[in-house]
Amino acid sequence: MGTQRELLNLILVGVLIFSVMAGGCISVNETSKPTAPLTTTNGEAAPAQGSTMTASQYPITITDFAGRKVTIEKPPERVIVLTSYWAEILCILGVQDRIVGIGKYIPYDPYIPDEVKKKPVVGSSFKGLNWETVASLNPDLIIVDWYGGKYKDAETIKKAEELGIPVIALSAKSVEDNIRVVEILGKVFGKEEKAEELASWMRERLDEINKIAGQIPADKKKNVLLISAPKDIGGPITVYARGSAWASIVELVGAHNLAFDKEFDTQWPKLDLEKIIAYWGDKADVIIVVSFSKERLEKAVNGIRNDPRWREIKAVKEGHVYGIQAGSKAFLDWGPRIIVGVYQMGGLIYPEYYPEWKPIAKELLEKFYGIKYEAPVTVMDSMGRKVTFEKVPERVIVLSSYWAEVMHCLGLDDKIVGIDTSTPKNQFLPDSVRQKPQVGSTWSGINWETVASLNPDLIIMGRWKGGFTKGEQEVIERSKELGIKVLAFGIPDSNVTGTEMPYENIRIIRVLGKVFDKEKKAEELASFLEKYYNEALEIASKIPADKKKNVLVIYGSSVVGKYATGAISISYKGSAYAQAVELVGAHNVAFDYNFSTQYPKLDLEKLIAYFGDKTDVLIVVDWDPKRLPEAVKKIKSDPAWQEIKAVKEGNVVGILVSSWRKDAVALYGPRFITGIYAFGHAIYPEYYPDWKPIYEEILKRFYGMEG
């Protein structure tokens, strides 16, 4: 061990002697003065505004974020930079060719050129440096992060000072600090003109943010809780409190960070869920979840939105839980990208005040990074299939009018080039969509010649996970052969997607928002629906146990009309109708049995034997407005049906459910919320309001039509 240490010391001393002989003594002596100083307001040496420094204007002295005065004797030519966000700035300044060594995590940053990412790795500010590697690179400057000496940052600075290698310690406790870093590095590398261009852009964006925040009325100010995506949504949960740079962004965009109301001994306190509810449950208007992992972020946000325990928090109950990815693969990070991260957060909290963040990201990346902004988007459909889009789809065939409605609500009618055979009946879509070429359907077959002639880059298909499975699979297989992407939406494989119907409708809206770069509009619609969805769940949770009703859902088409064969079709697990019964606080008596299909058929005698004395409410669903009342009338008047408790007591309710009629409710697409309240009101009229006011509101706000 002693021999190795002696060898390392000899190497380091040799490097130091070589650097002194080759380039003059490098010193951080605070008494060192520039030969012709131009002084800034804080006393630091600087050249004339807008100029590019030359070797004759060195040495210069700057004050870094550790409060140290560091003198740079000559333009740095061999630099080690330990973190990606500061390396990004060096690349923007055009001095990436001077980088000879990098930190451990820089190779994972997609915003840094490959030639930099391939430089020798020397360690990190967290765990320290390999000083033998450092010595071999003969650096004349090391750029480190400053964490107040919490990790190996202080040790790195001390060791470098002993070796006579200048070290600049950088940090960011606020968004403004990132601008200061740009200015410092511009001075150090003699690239003040380029640095000022970037710093000015950042300041202009920050000024716009301050202006927007200042215009938010006091009665619109929102209380926000910023948390890290937990492994277990039951806790412990890391909260961003006072002292955290990201926590301060909440305040910067014009909101209030609720964690600032409490005193913690750390800027990242870990709290269990019960404590979070006790502290802020009735105050939090918005919850923002942050994670460096996209997968972990999506899992946490989805889990919080669907976990009953979290619904005690106002933001969850009202559908205002959002996620922001952080780190080097996103925008919520230190360095120039932080500006985009601020717009992201502002837009989530105040979508009505903040502009879309993607144009700002595009401007930053293309103007300063020289990167064309075409971020791939990967989403999961209802079958658990992950589909990646390199660009926004332009030509779409939609094989379900429900999802055509989502496209319409997001303002994407012009992208639809083909439809299925049922969509022309949909009264919620404009003629421009209903008159598109028809390509067939998953139940009667697809005309693939017509599909090919339309040259689509995406097919959006209904997913019913039942009698149409064969046709759905054919669409997926044939589309793959033709090189067309497919998204299948509908009844989900919940063990993969993490949701069930009816909530899957909300997830689908958000997915399509990502795919078509309409996240802001999609979030507005999804949050609207989630608020009413959670209110329905809250009503259900307050129904007393002795008031809980047993419900059976049957199809009117199996009672009367040309499809009636004497066997009654029942809504079972996997059907949105069946799930709606449970969601509104009742019990679906069909769930007491194990059927092999989601639509089991029983003759009346067996129906009575299974459910006759249990059923408190019998719901009859149908899509035909003439057949539905006929079916209800037959059930009520037929003596054979009187053996069912609900019929005998007069609790038979007909619900018109249709994908295309304006006088009907739905359980798929944006109008699914009308079906939830229709079922709730039919079963518990004393608890649930009528569905029609909600229906009228959604049509006016998102469909641009009257109910």
# chains A, B, ... in the order shown; residues from 1 in each chain; ligands from 1
call {"tool": "residues_around", "arguments": {"residues": "A:Gln344", "least_positions_apart": "4", "cutoff": "8 Å", "atoms": "only C-alpha atoms", "output": "PyMOL selection string"}}
result
chain A and resi 324+340+348+356-357
call {"tool": "residues_around", "arguments": {"residues": "A:Val475", "least_positions_apart": "4", "cutoff": "12 Å", "atoms": "only C-alpha atoms", "output": "PyMOL selection string"}}
result
chain A and resi 397-399+439-448+451+458-463+468-471+479-488
call {"tool": "write_last_selection", "arguments": {"atoms": "C-alpha atoms", "output": "compact mmCIF listing (two decimals), in the first residue's frame"}}
result
# COMPACT_ATOMS: atom_id res chain seq x y z
CA ILE A 397 -56.72 5.57 -39.47
CA VAL A 398 -59.08 5.30 -36.48
CA LEU A 399 -61.06 2.07 -36.09
CA VAL A 439 -61.62 0.71 -44.28
CA GLY A 440 -63.90 -1.85 -42.59
CA SER A 441 -63.88 -2.94 -38.95
CA THR A 442 -62.23 -5.39 -36.60
CA TRP A 443 -65.41 -7.48 -36.37
CA SER A 444 -66.31 -7.65 -40.09
CA GLY A 445 -62.81 -7.42 -41.53
CA ILE A 446 -60.45 -4.76 -42.88
CA ASN A 447 -59.98 -3.84 -46.53
CA TRP A 448 -56.19 -3.74 -46.62
CA VAL A 451 -55.61 0.93 -45.94
CA LEU A 458 -50.63 4.98 -37.46
CA ILE A 459 -53.76 2.89 -36.89
CA ILE A 460 -55.73 3.46 -33.67
CA MET A 461 -57.84 0.42 -32.92
CA GLY A 462 -60.51 -0.44 -30.36
CA ARG A 463 -59.52 -3.10 -27.85
CA PHE A 468 -63.32 -9.29 -31.61
CA THR A 469 -59.91 -10.52 -30.44
CA LYS A 470 -59.19 -12.38 -33.70
CA GLY A 471 -59.87 -9.27 -35.80
CA SER A 479 -49.93 -3.56 -39.91
CA LYS A 480 -46.55 -4.86 -38.75
CA GLU A 481 -46.03 -6.42 -42.20
CA LEU A 482 -46.86 -3.06 -43.81
CA GLY A 483 -44.69 -1.06 -41.43
CA ILE A 484 -47.65 0.79 -39.86
CA LYS A 485 -47.66 1.48 -36.13
CA VAL A 486 -50.75 0.39 -34.14
CA LEU A 487 -52.16 1.58 -30.82
CA ALA A 488 -54.89 -0.65 -29.36
call {"tool": "atom_distance", "arguments": {"atom1": "atom CA of A:Gln473", "atom2": "atom CA of A:Gly490"}}
result
13.9 Å
call {"tool": "residues_around", "arguments": {"residues": "stretch 569-575 of chain A", "least_positions_apart": "5", "cutoff": "9 Å", "atoms": "only C-alpha atoms", "output": "PyMOL selection string"}}
result
chain A and resi 464-466+491-492+500-501+552-559+580+588+590-591+595+597-603
call {"tool": "write_last_selection", "arguments": {"atoms": "C-alpha atoms", "output": "short mmCIF file (atom, residue, chain, number, x, y, z; two decimals), in the first residue's frame"}}
result
data_model
loop_
_atom_site.label_atom_id
_atom_site.label_comp_id
_atom_site.auth_asym_id
_atom_site.auth_seq_id
_atom_site.Cartn_x
_atom_site.Cartn_y
_atom_site.Cartn_z
CA TRP A 464 -62.49 -5.12 -26.57
CA LYS A 465 -60.70 -8.27 -25.36
CA GLY A 466 -63.62 -10.51 -26.22
CA ILE A 491 -60.44 -2.84 -22.14
CA PRO A 492 -56.88 -3.11 -20.79
CA GLU A 500 -58.78 -0.89 -15.39
CA MET A 501 -61.80 0.44 -17.19
CA LEU A 552 -77.19 -7.13 -12.10
CA VAL A 553 -76.54 -5.68 -15.57
CA ILE A 554 -78.13 -7.33 -18.62
CA TYR A 555 -78.35 -6.47 -22.31
CA GLY A 556 -81.72 -5.42 -23.72
CA SER A 557 -80.83 -6.91 -27.10
CA SER A 558 -80.96 -10.36 -25.53
CA VAL A 559 -84.48 -9.76 -24.13
CA ALA A 580 -68.99 0.75 -13.35
CA ASN A 588 -72.22 -6.72 -9.14
CA ALA A 590 -72.43 -11.64 -11.37
CA PHE A 591 -68.99 -11.36 -9.73
CA PHE A 595 -67.82 -17.34 -15.82
CA THR A 597 -66.51 -14.94 -20.72
CA GLN A 598 -67.22 -11.30 -19.93
CA TYR A 599 -70.66 -11.69 -21.53
CA PRO A 600 -72.10 -14.97 -20.13
CA LYS A 601 -75.55 -16.06 -21.35
CA LEU A 602 -78.12 -17.72 -19.07
CA ASP A 603 -81.70 -18.74 -19.69
#
call {"tool": "closest_residue", "arguments": {"among": "A:Phe126, A:Asn534, A:Asp381, A:Pro437", "to": "A:Ala315", "atoms": "only C-alpha atoms"}}
result
A:Asn534
call {"tool": "residues_around", "arguments": {"residues": "A:Lys159", "least_positions_apart": "4", "cutoff": "12 Å", "atoms": "only C-alpha atoms", "output": "list of chain:residue names"}}
result
A:Asn9, A:Leu12, A:Gly128, A:Leu129, A:Asn130, A:Trp131, A:Val134, A:Ala135, A:Ile142, A:Lys152, A:Asp153, A:Ala154, A:Glu155, A:Leu163, A:Gly164, A:Ile165, A:Pro166, A:Val167
call {"tool": "write_last_selection", "arguments": {"atoms": "all heavy atoms", "output": "compact mmCIF listing (two decimals), in the first residue's frame"}}
result
# COMPACT_ATOMS: atom_id res chain seq x y z
N ASN A 9 2.37 9.61 -5.61
CA ASN A 9 2.89 10.94 -5.26
C ASN A 9 3.97 11.37 -6.25
O ASN A 9 4.05 12.54 -6.64
CB ASN A 9 3.43 10.93 -3.84
CG ASN A 9 2.32 10.88 -2.80
OD1 ASN A 9 1.19 11.26 -3.10
ND2 ASN A 9 2.64 10.42 -1.59
N LEU A 12 2.30 12.48 -9.45
CA LEU A 12 1.65 13.78 -9.30
C LEU A 12 2.66 14.91 -9.25
O LEU A 12 2.46 15.97 -9.85
CB LEU A 12 0.77 13.79 -8.05
CG LEU A 12 -0.43 12.83 -8.07
CD1 LEU A 12 -1.11 12.82 -6.72
CD2 LEU A 12 -1.41 13.25 -9.14
N GLY A 128 -15.30 10.89 -5.28
CA GLY A 128 -13.90 11.25 -5.41
C GLY A 128 -13.30 10.87 -6.75
O GLY A 128 -13.96 10.24 -7.59
N LEU A 129 -12.03 11.26 -6.94
CA LEU A 129 -11.36 11.08 -8.22
C LEU A 129 -10.26 10.03 -8.15
O LEU A 129 -9.69 9.77 -7.08
CB LEU A 129 -10.76 12.40 -8.69
CG LEU A 129 -11.69 13.61 -8.78
CD1 LEU A 129 -10.97 14.76 -9.45
CD2 LEU A 129 -12.97 13.28 -9.51
N ASN A 130 -9.97 9.46 -9.30
CA ASN A 130 -8.80 8.60 -9.45
C ASN A 130 -7.64 9.52 -9.81
O ASN A 130 -7.51 9.95 -10.97
CB ASN A 130 -9.05 7.56 -10.55
CG ASN A 130 -7.88 6.63 -10.74
OD1 ASN A 130 -6.71 7.01 -10.62
ND2 ASN A 130 -8.18 5.37 -11.04
N TRP A 131 -6.83 9.84 -8.83
CA TRP A 131 -5.83 10.88 -9.03
C TRP A 131 -4.69 10.42 -9.95
O TRP A 131 -4.02 11.24 -10.58
CB TRP A 131 -5.28 11.35 -7.69
CG TRP A 131 -6.31 12.20 -6.99
CD1 TRP A 131 -7.16 11.81 -6.02
CD2 TRP A 131 -6.63 13.55 -7.30
NE1 TRP A 131 -8.00 12.83 -5.67
CE2 TRP A 131 -7.70 13.92 -6.43
CE3 TRP A 131 -6.14 14.49 -8.19
CZ2 TRP A 131 -8.27 15.20 -6.46
CZ3 TRP A 131 -6.69 15.76 -8.22
CH2 TRP A 131 -7.74 16.11 -7.36
N VAL A 134 -6.12 11.38 -13.21
CA VAL A 134 -6.05 12.84 -13.29
C VAL A 134 -4.64 13.27 -13.68
O VAL A 134 -4.44 14.09 -14.58
CB VAL A 134 -6.46 13.48 -11.95
CG1 VAL A 134 -6.15 14.98 -11.96
CG2 VAL A 134 -7.95 13.25 -11.67
N ALA A 135 -3.64 12.71 -12.99
CA ALA A 135 -2.25 13.09 -13.25
C ALA A 135 -1.86 12.79 -14.69
O ALA A 135 -1.17 13.59 -15.35
CB ALA A 135 -1.33 12.34 -12.29
N ILE A 142 -9.77 22.05 -13.24
CA ILE A 142 -10.79 21.04 -12.89
C ILE A 142 -12.06 21.78 -12.50
O ILE A 142 -12.03 22.72 -11.70
CB ILE A 142 -10.34 20.13 -11.73
CG1 ILE A 142 -9.07 19.36 -12.11
CG2 ILE A 142 -11.45 19.16 -11.35
CD1 ILE A 142 -8.50 18.51 -10.98
N LYS A 152 -17.52 14.32 -1.71
CA LYS A 152 -16.07 14.36 -1.89
C LYS A 152 -15.62 15.67 -2.55
O LYS A 152 -14.47 15.77 -3.00
CB LYS A 152 -15.63 13.18 -2.76
CG LYS A 152 -15.87 11.80 -2.14
CD LYS A 152 -14.93 11.53 -0.98
CE LYS A 152 -15.11 10.12 -0.47
NZ LYS A 152 -14.18 9.80 0.63
N ASP A 153 -16.55 16.64 -2.62
CA ASP A 153 -16.22 17.89 -3.30
C ASP A 153 -15.11 18.66 -2.60
O ASP A 153 -14.18 19.16 -3.24
CB ASP A 153 -17.47 18.76 -3.49
CG ASP A 153 -18.35 18.80 -2.24
OD1 ASP A 153 -18.29 17.88 -1.42
OD2 ASP A 153 -19.12 19.77 -2.10
N ALA A 154 -15.20 18.78 -1.27
CA ALA A 154 -14.17 19.52 -0.52
C ALA A 154 -12.83 18.80 -0.61
O ALA A 154 -11.77 19.44 -0.76
CB ALA A 154 -14.60 19.68 0.93
N GLU A 155 -12.87 17.48 -0.55
CA GLU A 155 -11.63 16.70 -0.63
C GLU A 155 -10.98 16.87 -2.00
O GLU A 155 -9.75 16.99 -2.10
CB GLU A 155 -11.97 15.22 -0.39
CG GLU A 155 -10.78 14.29 -0.50
CD GLU A 155 -11.21 12.83 -0.33
OE1 GLU A 155 -11.85 12.51 0.68
OE2 GLU A 155 -10.90 12.03 -1.24
N LEU A 163 -1.85 20.18 -5.39
CA LEU A 163 -1.09 19.90 -6.61
C LEU A 163 -0.92 21.13 -7.50
O LEU A 163 -0.31 21.06 -8.55
CB LEU A 163 -1.79 18.79 -7.40
CG LEU A 163 -1.85 17.43 -6.70
CD1 LEU A 163 -2.75 16.49 -7.47
CD2 LEU A 163 -0.45 16.85 -6.55
N GLY A 164 -1.50 22.25 -7.08
CA GLY A 164 -1.38 23.48 -7.85
C GLY A 164 -2.26 23.52 -9.08
O GLY A 164 -2.00 24.29 -10.02
N ILE A 165 -3.32 22.69 -9.11
CA ILE A 165 -4.24 22.68 -10.25
C ILE A 165 -5.44 23.56 -9.90
O ILE A 165 -6.12 23.30 -8.89
CB ILE A 165 -4.73 21.25 -10.57
CG1 ILE A 165 -3.55 20.31 -10.79
CG2 ILE A 165 -5.65 21.27 -11.80
CD1 ILE A 165 -3.96 18.85 -10.91
N PRO A 166 -5.72 24.59 -10.66
CA PRO A 166 -6.88 25.43 -10.35
C PRO A 166 -8.17 24.61 -10.37
O PRO A 166 -8.35 23.73 -11.23
CB PRO A 166 -6.88 26.48 -11.46
CG PRO A 166 -5.48 26.49 -11.96
CD PRO A 166 -4.97 25.09 -11.83
N VAL A 167 -9.05 24.89 -9.44
CA VAL A 167 -10.35 24.22 -9.35
C VAL A 167 -11.43 25.27 -9.25
O VAL A 167 -11.32 26.21 -8.45
CB VAL A 167 -10.44 23.30 -8.12
CG1 VAL A 167 -11.80 22.59 -8.09
CG2 VAL A 167 -9.33 22.28 -8.12
call {"tool": "residues_around", "arguments": {"residues": "A:Ile694", "least_positions_apart": "2", "cutoff": "9 Å", "atoms": "only C-alpha atoms", "output": "short mmCIF file (atom, residue, chain, number, x, y, z; two decimals) with N, CA and C atoms, in the first residue's frame"}}
result
data_model
loop_
_atom_site.label_atom_id
_atom_site.label_comp_id
_atom_site.auth_asym_id
_atom_site.auth_seq_id
_atom_site.Cartn_x
_atom_site.Cartn_y
_atom_site.Cartn_z
N TYR A 532 -64.13 14.52 -11.85
CA TYR A 532 -65.46 13.92 -11.70
C TYR A 532 -65.36 12.43 -11.35
N ILE A 673 -67.41 9.45 -18.53
CA ILE A 673 -67.82 9.95 -17.22
C ILE A 673 -69.35 10.04 -17.13
N THR A 674 -70.01 10.24 -18.28
CA THR A 674 -71.48 10.28 -18.26
C THR A 674 -72.04 8.92 -17.88
N TYR A 677 -71.82 8.34 -14.00
CA TYR A 677 -72.86 9.03 -13.22
C TYR A 677 -74.26 8.51 -13.56
N ASP A 690 -77.50 13.70 -11.38
CA ASP A 690 -77.80 13.27 -12.75
C ASP A 690 -76.57 13.52 -13.63
N TRP A 691 -76.43 12.73 -14.68
CA TRP A 691 -75.27 12.83 -15.55
C TRP A 691 -75.34 13.98 -16.55
N LYS A 692 -76.53 14.52 -16.80
CA LYS A 692 -76.69 15.47 -17.91
C LYS A 692 -75.93 16.79 -17.74
N GLU A 696 -73.27 18.12 -20.54
CA GLU A 696 -73.35 19.41 -21.22
C GLU A 696 -72.06 20.20 -21.07
N GLU A 697 -71.45 20.09 -19.89
CA GLU A 697 -70.19 20.81 -19.65
C GLU A 697 -69.06 20.26 -20.52
N ILE A 698 -68.95 18.96 -20.61
CA ILE A 698 -67.87 18.38 -21.41
C ILE A 698 -68.05 18.66 -22.89
N LEU A 699 -69.30 18.63 -23.36
CA LEU A 699 -69.53 18.93 -24.78
C LEU A 699 -69.17 20.38 -25.10
#
call {"tool": "residues_around", "arguments": {"residues": "A:Lys294", "least_positions_apart": "5", "cutoff": "10 Å", "atoms": "only C-alpha atoms", "output": "count of residues only"}}
result
8
call {"tool": "select_by_dssp", "arguments": {"residues": "stretch 471-625 of chain A", "states": "alpha helix (DSSP H)", "output": "PyMOL selection string"}}
result
chain A and resi 471-482+494-497+504-515+519-541+576-583+604-611
call {"tool": "write_last_selection", "arguments": {"atoms": "C-alpha atoms", "output": "short mmCIF file (atom, residue, chain, number, x, y, z; two decimals), in the first residue's frame"}}
result
data_model
loop_
_atom_site.label_atom_id
_atom_site.label_comp_id
_atom_site.auth_asym_id
_atom_site.auth_seq_id
_atom_site.Cartn_x
_atom_site.Cartn_y
_atom_site.Cartn_z
CA GLY A 471 -59.87 -9.27 -35.80
CA GLU A 472 -57.79 -7.11 -33.46
CA GLN A 473 -54.84 -9.49 -33.73
CA GLU A 474 -55.10 -9.44 -37.52
CA VAL A 475 -54.84 -5.64 -37.51
CA ILE A 476 -51.68 -5.80 -35.43
CA GLU A 477 -50.06 -8.52 -37.54
CA ARG A 478 -50.93 -7.08 -40.96
CA SER A 479 -49.93 -3.56 -39.91
CA LYS A 480 -46.55 -4.86 -38.75
CA GLU A 481 -46.03 -6.42 -42.20
CA LEU A 482 -46.86 -3.06 -43.81
CA SER A 494 -54.66 -4.19 -16.24
CA ASN A 495 -51.80 -6.23 -14.81
CA VAL A 496 -49.58 -4.58 -17.45
CA THR A 497 -51.03 -1.07 -17.78
CA GLU A 504 -58.16 3.54 -18.63
CA ASN A 505 -60.03 6.18 -20.65
CA ILE A 506 -58.16 8.92 -18.79
CA ARG A 507 -54.80 7.22 -19.32
CA ILE A 508 -55.54 6.84 -23.04
CA ILE A 509 -56.24 10.58 -23.38
CA ARG A 510 -52.87 11.37 -21.83
CA VAL A 511 -51.14 8.82 -24.07
CA LEU A 512 -52.61 10.37 -27.22
CA GLY A 513 -51.60 13.81 -25.93
CA LYS A 514 -47.98 12.62 -25.82
CA VAL A 515 -48.10 10.91 -29.20
CA GLU A 519 -50.04 17.24 -23.84
CA LYS A 520 -51.39 20.53 -22.58
CA LYS A 521 -54.82 20.07 -24.17
CA ALA A 522 -54.88 16.39 -23.22
CA GLU A 523 -54.07 17.21 -19.60
CA GLU A 524 -56.86 19.76 -19.48
CA LEU A 525 -59.34 17.12 -20.65
CA ALA A 526 -57.88 14.32 -18.50
CA SER A 527 -57.87 16.47 -15.35
CA PHE A 528 -61.47 17.51 -15.98
CA LEU A 529 -62.55 13.87 -16.24
CA GLU A 530 -60.38 12.75 -13.33
CA LYS A 531 -61.97 15.31 -11.05
CA TYR A 532 -65.46 13.92 -11.70
CA TYR A 533 -64.15 10.36 -11.61
CA ASN A 534 -62.64 10.88 -8.16
CA GLU A 535 -65.79 12.61 -6.94
CA ALA A 536 -67.72 9.48 -7.95
CA LEU A 537 -65.27 7.35 -5.98
CA GLU A 538 -65.64 9.64 -2.97
CA ILE A 539 -69.43 9.37 -3.11
CA ALA A 540 -69.09 5.58 -3.29
CA SER A 541 -66.81 5.51 -0.25
CA ALA A 576 -66.90 -1.56 -18.53
CA TYR A 577 -70.57 -1.80 -17.50
CA ALA A 578 -69.77 -4.45 -14.91
CA GLN A 579 -66.84 -2.40 -13.54
CA ALA A 580 -68.99 0.75 -13.35
CA VAL A 581 -71.36 -0.99 -10.92
CA GLU A 582 -68.52 -1.70 -8.52
CA LEU A 583 -66.99 1.73 -9.01
CA LEU A 604 -84.27 -16.97 -17.50
CA GLU A 605 -84.73 -19.96 -15.21
CA LYS A 606 -81.02 -20.12 -14.44
CA LEU A 607 -80.84 -16.34 -14.13
CA ILE A 608 -83.52 -16.46 -11.46
CA ALA A 609 -81.80 -19.35 -9.69
CA TYR A 610 -78.48 -17.49 -9.56
CA PHE A 611 -79.61 -13.94 -8.87
#
call {"tool": "closest_atom_pairs", "arguments": {"of": "stretch 134-180 of chain A", "to": "stretch 57-81 of chain A", "cutoff": "6 Å", "atoms": "only C-alpha atoms", "output": "Markdown table"}}
result
| residue | atom | partner | partner_atom | distance |
| --- | --- | --- | --- | --- |
| A:Pro139 | CA | A:Arg78 | CA | 4.8 |
| A:Asp140 | CA | A:Arg78 | CA | 5.4 |
| A:Leu141 | CA | A:Val79 | CA | 4.9 |
| A:Ile142 | CA | A:Ile80 | CA | 4.7 |
| A:Ile143 | CA | A:Val81 | CA | 4.7 |
| A:Ile168 | CA | A:Asp64 | CA | 6.0 |
| A:Ala169 | CA | A:Asp64 | CA | 5.6 |
| A:Leu170 | CA | A:Phe65 | CA | 5.2 |
| A:Ser171 | CA | A:Phe65 | CA | 6.0 |
call {"tool": "write_last_selection", "arguments": {"atoms": "all heavy atoms", "output": "PDB file, in the first residue's frame"}}
result
ATOM      1  N   PRO A 139      -4.042  18.117 -16.367  1.00  0.00           N
ATOM      2  CA  PRO A 139      -5.033  19.200 -16.500  1.00  0.00           C
ATOM      3  C   PRO A 139      -4.501  20.547 -16.026  1.00  0.00           C
ATOM      4  O   PRO A 139      -3.632  20.603 -15.154  1.00  0.00           O
ATOM      5  CB  PRO A 139      -6.173  18.736 -15.594  1.00  0.00           C
ATOM      6  CG  PRO A 139      -5.476  17.967 -14.514  1.00  0.00           C
ATOM      7  CD  PRO A 139      -4.333  17.258 -15.196  1.00  0.00           C
ATOM      8  N   ASP A 140      -5.012  21.616 -16.629  1.00  0.00           N
ATOM      9  CA  ASP A 140      -4.714  22.949 -16.095  1.00  0.00           C
ATOM     10  C   ASP A 140      -5.964  23.580 -15.466  1.00  0.00           C
ATOM     11  O   ASP A 140      -5.935  24.744 -15.059  1.00  0.00           O
ATOM     12  CB  ASP A 140      -4.110  23.865 -17.162  1.00  0.00           C
ATOM     13  CG  ASP A 140      -4.942  23.940 -18.433  1.00  0.00           C
ATOM     14  OD1 ASP A 140      -6.105  23.492 -18.407  1.00  0.00           O
ATOM     15  OD2 ASP A 140      -4.423  24.435 -19.448  1.00  0.00           O
ATOM     16  N   LEU A 141      -7.067  22.818 -15.387  1.00  0.00           N
ATOM     17  CA  LEU A 141      -8.272  23.271 -14.689  1.00  0.00           C
ATOM     18  C   LEU A 141      -9.183  22.072 -14.427  1.00  0.00           C
ATOM     19  O   LEU A 141      -9.322  21.197 -15.279  1.00  0.00           O
ATOM     20  CB  LEU A 141      -9.035  24.301 -15.528  1.00  0.00           C
ATOM     21  CG  LEU A 141     -10.349  24.836 -14.919  1.00  0.00           C
ATOM     22  CD1 LEU A 141     -10.079  25.617 -13.639  1.00  0.00           C
ATOM     23  CD2 LEU A 141     -11.106  25.695 -15.926  1.00  0.00           C
ATOM     24  N   ILE A 142      -9.775  22.047 -13.236  1.00  0.00           N
ATOM     25  CA  ILE A 142     -10.787  21.043 -12.890  1.00  0.00           C
ATOM     26  C   ILE A 142     -12.063  21.782 -12.501  1.00  0.00           C
ATOM     27  O   ILE A 142     -12.027  22.724 -11.700  1.00  0.00           O
ATOM     28  CB  ILE A 142     -10.336  20.130 -11.729  1.00  0.00           C
ATOM     29  CG1 ILE A 142      -9.067  19.360 -12.109  1.00  0.00           C
ATOM     30  CG2 ILE A 142     -11.449  19.155 -11.352  1.00  0.00           C
ATOM     31  CD1 ILE A 142      -8.499  18.507 -10.980  1.00  0.00           C
ATOM     32  N   ILE A 143     -13.186  21.370 -13.083  1.00  0.00           N
ATOM     33  CA  ILE A 143     -14.485  21.972 -12.758  1.00  0.00           C
ATOM     34  C   ILE A 143     -15.296  20.938 -11.988  1.00  0.00           C
ATOM     35  O   ILE A 143     -15.587  19.848 -12.505  1.00  0.00           O
ATOM     36  CB  ILE A 143     -15.242  22.402 -14.033  1.00  0.00           C
ATOM     37  CG1 ILE A 143     -14.424  23.447 -14.797  1.00  0.00           C
ATOM     38  CG2 ILE A 143     -16.621  22.945 -13.685  1.00  0.00           C
ATOM     39  CD1 ILE A 143     -15.002  23.800 -16.169  1.00  0.00           C
ATOM     40  N   ILE A 168     -12.479  25.128 -10.046  1.00  0.00           N
ATOM     41  CA  ILE A 168     -13.655  25.993  -9.932  1.00  0.00           C
ATOM     42  C   ILE A 168     -14.810  25.141  -9.424  1.00  0.00           C
ATOM     43  O   ILE A 168     -15.168  24.129 -10.041  1.00  0.00           O
ATOM     44  CB  ILE A 168     -14.030  26.625 -11.284  1.00  0.00           C
ATOM     45  CG1 ILE A 168     -12.892  27.503 -11.790  1.00  0.00           C
ATOM     46  CG2 ILE A 168     -15.314  27.442 -11.162  1.00  0.00           C
ATOM     47  CD1 ILE A 168     -13.133  28.068 -13.172  1.00  0.00           C
ATOM     48  N   ALA A 169     -15.370  25.536  -8.293  1.00  0.00           N
ATOM     49  CA  ALA A 169     -16.494  24.816  -7.699  1.00  0.00           C
ATOM     50  C   ALA A 169     -17.788  25.537  -8.067  1.00  0.00           C
ATOM     51  O   ALA A 169     -17.957  26.724  -7.755  1.00  0.00           O
ATOM     52  CB  ALA A 169     -16.337  24.749  -6.182  1.00  0.00           C
ATOM     53  N   LEU A 170     -18.686  24.829  -8.730  1.00  0.00           N
ATOM     54  CA  LEU A 170     -19.925  25.425  -9.215  1.00  0.00           C
ATOM     55  C   LEU A 170     -21.135  24.754  -8.575  1.00  0.00           C
ATOM     56  O   LEU A 170     -21.104  23.571  -8.238  1.00  0.00           O
ATOM     57  CB  LEU A 170     -20.018  25.306 -10.741  1.00  0.00           C
ATOM     58  CG  LEU A 170     -18.870  25.933 -11.527  1.00  0.00           C
ATOM     59  CD1 LEU A 170     -19.019  25.607 -13.010  1.00  0.00           C
ATOM     60  CD2 LEU A 170     -18.818  27.435 -11.307  1.00  0.00           C
ATOM     61  N   SER A 171     -22.207  25.510  -8.453  1.00  0.00           N
ATOM     62  CA  SER A 171     -23.424  24.977  -7.851  1.00  0.00           C
ATOM     63  C   SER A 171     -24.608  25.791  -8.349  1.00  0.00           C
ATOM     64  O   SER A 171     -24.445  26.773  -9.079  1.00  0.00           O
ATOM     65  CB  SER A 171     -23.336  25.049  -6.318  1.00  0.00           C
ATOM     66  OG  SER A 171     -24.464  24.462  -5.730  1.00  0.00           O
TER      67      SER A 171
END
call {"tool": "select_by_dssp", "arguments": {"residues": "stretch 367-445 of chain A", "states": "strand (DSSP E or B)", "output": "MDAnalysis selection string"}}
result
chainID A and resid 377:380 386:389 396:398 416:419 438 440:441 445
call {"tool": "residues_around", "arguments": {"residues": "A:Glu88", "least_positions_apart": "5", "cutoff": "12 Å", "atoms": "only C-alpha atoms", "output": "PyMOL selection string"}}
result
chain A and resi 81-83+93-96+99+102+106-107+109-113+116-117+178+181-182+185+198+328+333-337+365+368-370
